[in-house]
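Novice: One file: structure-v8.txt (compact mmCIF, C-alpha atoms).
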# COMPACT_ATOMS: atom_id res chain seq x y z
CA MET T 1 -114.79 -57.66 -110.43
CA SER T 2 -116.28 -60.70 -108.71
CA LYS T 3 -114.64 -63.72 -107.13
CA LYS T 4 -116.23 -67.12 -107.02
CA ILE T 5 -114.78 -70.19 -105.31
CA ILE T 6 -115.15 -73.14 -107.67
CA LYS T 7 -113.41 -75.61 -105.39
CA SER T 8 -113.56 -75.35 -101.64
CA VAL T 9 -110.46 -75.52 -99.50
CA GLY T 10 -108.95 -78.98 -99.64
CA GLU T 11 -105.79 -80.81 -98.68
CA ASN T 12 -103.15 -82.33 -100.93
CA TYR T 13 -100.31 -84.02 -99.03
CA ASN T 14 -99.10 -81.26 -96.71
CA HIS T 15 -100.56 -78.31 -98.63
CA ILE T 16 -103.83 -76.48 -98.15
CA PHE T 17 -105.14 -75.08 -101.38
CA ALA T 18 -108.07 -73.10 -102.71
CA ILE T 19 -108.91 -72.30 -106.32
CA PHE T 20 -110.62 -69.03 -107.20
CA VAL T 21 -112.08 -67.88 -110.49
CA VAL T 22 -111.93 -64.14 -111.09
CA ILE T 23 -114.25 -62.75 -113.74
CA LYS T 24 -113.45 -59.24 -114.97
CA PRO T 25 -114.19 -57.20 -118.06
CA SER T 26 -111.58 -57.47 -120.78
CA ILE T 27 -109.67 -54.34 -121.73
CA CYS T 28 -109.73 -55.04 -125.49
CA ASP T 29 -113.42 -55.81 -126.04
CA SER T 30 -116.67 -56.48 -124.27
CA HIS T 31 -115.91 -60.16 -123.58
CA LEU T 32 -115.24 -61.33 -120.09
CA CYS T 33 -111.81 -62.54 -119.11
CA ILE T 34 -111.64 -65.51 -116.74
CA VAL T 35 -108.55 -65.84 -114.56
CA VAL T 36 -107.89 -68.85 -112.36
CA LEU T 37 -105.89 -68.26 -109.20
CA LYS T 38 -104.53 -71.04 -107.03
CA LEU T 39 -103.64 -70.35 -103.43
CA SER T 40 -101.30 -72.88 -101.86
CA ILE T 41 -100.02 -72.78 -98.29
CA MET T 42 -97.57 -75.18 -96.65
CA VAL T 43 -98.87 -76.72 -93.44
CA GLU T 44 -96.40 -77.47 -90.68
CA LYS T 45 -96.76 -81.03 -89.52
CA PHE T 46 -94.56 -80.56 -86.44
CA LYS T 47 -94.41 -77.40 -84.32
CA PRO T 48 -91.23 -76.18 -82.58
CA GLY T 49 -90.74 -77.81 -79.17
CA THR T 50 -92.58 -81.01 -80.16
CA THR T 51 -90.99 -84.38 -79.37
CA VAL T 52 -90.57 -86.52 -82.51
CA TYR T 53 -89.04 -89.91 -83.31
CA LEU T 54 -86.90 -90.90 -86.27
CA ILE T 55 -85.60 -94.21 -87.53
CA ALA T 56 -81.86 -94.56 -88.14
CA ASN T 57 -80.42 -97.46 -90.18
CA THR T 58 -83.91 -98.97 -90.63
CA HIS T 59 -84.18 -100.23 -87.02
CA PHE T 60 -82.85 -97.76 -84.42
CA ILE T 61 -85.39 -95.30 -83.00
CA GLU T 62 -84.06 -91.94 -81.82
CA GLU T 63 -85.96 -89.27 -79.90
CA ALA T 64 -85.54 -85.61 -80.85
CA THR T 65 -87.08 -82.17 -80.31
CA VAL T 66 -88.20 -79.94 -83.19
CA VAL T 67 -86.30 -76.64 -83.40
CA MET T 68 -87.93 -75.22 -86.55
CA THR T 69 -89.78 -76.22 -89.73
CA ILE T 70 -89.13 -74.72 -93.19
CA SER T 71 -90.46 -75.93 -96.56
CA GLY T 72 -91.03 -79.55 -95.59
CA PHE T 73 -87.74 -79.87 -93.72
CA VAL T 74 -87.50 -80.01 -89.93
CA THR T 75 -84.46 -79.00 -87.90
CA ILE T 76 -84.21 -81.26 -84.85
CA ARG T 77 -82.01 -81.57 -81.77
CA PHE T 78 -81.39 -85.06 -80.37
CA THR T 79 -82.47 -85.61 -76.75
CA GLU T 80 -80.31 -88.64 -75.89
CA ARG T 81 -77.07 -87.32 -77.40
CA GLU T 82 -75.54 -84.04 -78.51
CA GLY T 83 -76.18 -82.54 -81.91
CA GLY T 84 -78.98 -82.20 -84.36
CA THR T 85 -79.78 -82.27 -88.06
CA ARG T 86 -82.26 -81.16 -90.71
CA ILE T 87 -84.51 -83.93 -92.01
CA ARG T 88 -87.64 -84.27 -94.18
CA GLU T 89 -90.99 -84.30 -92.34
CA SER T 90 -91.83 -87.65 -93.93
CA ARG T 91 -88.98 -89.33 -92.00
CA LEU T 92 -90.31 -88.25 -88.60
CA TYR T 93 -93.00 -89.87 -86.45
CA ALA T 94 -95.19 -88.25 -83.80
CA THR T 95 -95.20 -91.25 -81.43
CA ARG T 96 -92.77 -94.03 -80.56
CA GLU T 97 -95.48 -96.59 -81.43
CA GLU T 98 -95.67 -95.32 -85.04
CA ALA T 99 -91.89 -95.63 -85.36
CA GLU T 100 -91.89 -99.12 -83.79
CA ALA T 101 -94.52 -100.29 -86.31
CA VAL T 102 -92.29 -99.13 -89.20
CA VAL T 103 -89.24 -100.82 -87.63
CA ALA T 104 -91.23 -104.07 -87.35
CA GLN T 105 -92.10 -103.83 -91.07
CA ASN T 106 -88.44 -103.20 -91.93
CA LYS T 107 -87.28 -106.21 -89.90
CA ALA T 108 -89.92 -108.47 -91.48
CA ARG T 109 -88.82 -107.33 -94.93
CA GLN T 110 -85.14 -108.13 -94.24
CA PHE T 111 -85.66 -111.77 -93.31
Now that the file is in, can you turn its structure into structure tokens?
Specialist:
Amino acid sequence: MSKKIIKSVGENYNHIFAIFVVIKPSICDSHLCIVVLKLSIMVEKFKPGTTVYLIANTHFIEEATVVMTISGFVTIRFTEREGGTRIRESRLYATREEAEAVVAQNKARQF
């Protein structure tokens, strides 16, 4: 049995993937059987302990700390008030400046 990579490792949104082609002899006859395997791994965008920023009600920026990341969702604990929540990675920003730029776009869109 031999493995050959037909597409090198690439990125698609927040997944890393690789496609392998496995060529092996067929059980029924002398023809070769080609099997395509796809390996997909979720990549964590935010690590536990990281400070992140989220936008509430389209214009309030809140600071939080990442507790854990599972399947594209991040559990956070707020730094300026008690409590926490689970939220999609796409709603979090790594820097306050990124969040402020989105808030500016939201304000421009409202008026």
Novice: Residues within 7 Å of Glu63 in chain T, please, as a PyMOL selection string. Count all atoms listed in the file; anything in the same chain fewer than 6 positions from it doesn't count.
Specialist: chain T and resi 52-54+78-80
Novice: Hey, what's within 8 Å of Phe73 in chain T if we count only C-alpha atoms and toss same-chain stuff fewer than 2 positions away? As a PyMOL selection string, please?
Specialist: chain T and resi 69-71+75+86-89
Novice: Quick check, in Å to one decimal: how far apart do CA of Thr95 in chain T and CA of Pro48 in chain T lie?
Specialist: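 Value for the CA of Thr95 in chain T-CA of Pro48 in chain T distance: 15.6 Å.
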Novice: Using only C-alpha atoms, can you tell me which of T:Thr50, T:Asn106, T:Thr85, T:Ser90 comes closest to Gly72 in chain T?
Specialist: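 Nearest candidate to Gly72 in chain T out of T:Thr50, T:Asn106, T:Thr85, T:Ser90: T:Ser90.
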Novice: Dig up all the protein and nucleic acid residues within 6 Å of (-85.1, -82.3, -81.4) in the file frame, using only C-alpha atoms, and format them as a list in words.
Specialist: Ala64, Thr65, Val66, Ile76, Arg77 and Phe78 of chain T
Novice: Quick one: pull the distance between CA of His59 in chain T and CA of Lys47 in chain T, Å, one decimal.
Specialist: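 We find that CA of His59 in chain T and CA of Lys47 in chain T lie 25.2 Å from each other.
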Novice: In Å, with one decimal, what is the gap from CA of Glu82 in chain T to CA of Met68 in chain T?
Specialist: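 Straight-line distance from CA of Glu82 in chain T to CA of Met68 in chain T works out to 17.2 Å.
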Novice: Return the single residue from T:Glu62, T:Ala108, T:Arg96, T:Val102 that is closest to Gly84 in chain T, with distances computed using all atoms listed in the file.
Specialist: T:Glu62
Novice: Return the single residue from T:Arg109, T:Phe60, T:Lys45, T:Ala104 that is closest to Leu92 in chain T, with distances computed using all atoms listed in the file.
Specialist: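 Comparing T:Arg109, T:Phe60, T:Lys45, T:Ala104 against Leu92 in chain T, the winner is T:Lys45.
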Novice: Taking all atoms listed in the file into account, which of T:Gly83, T:Ile61, T:Val67, T:Phe46 comes nearest Glu98 in chain T?
Specialist: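 Closest candidate: T:Ile61.
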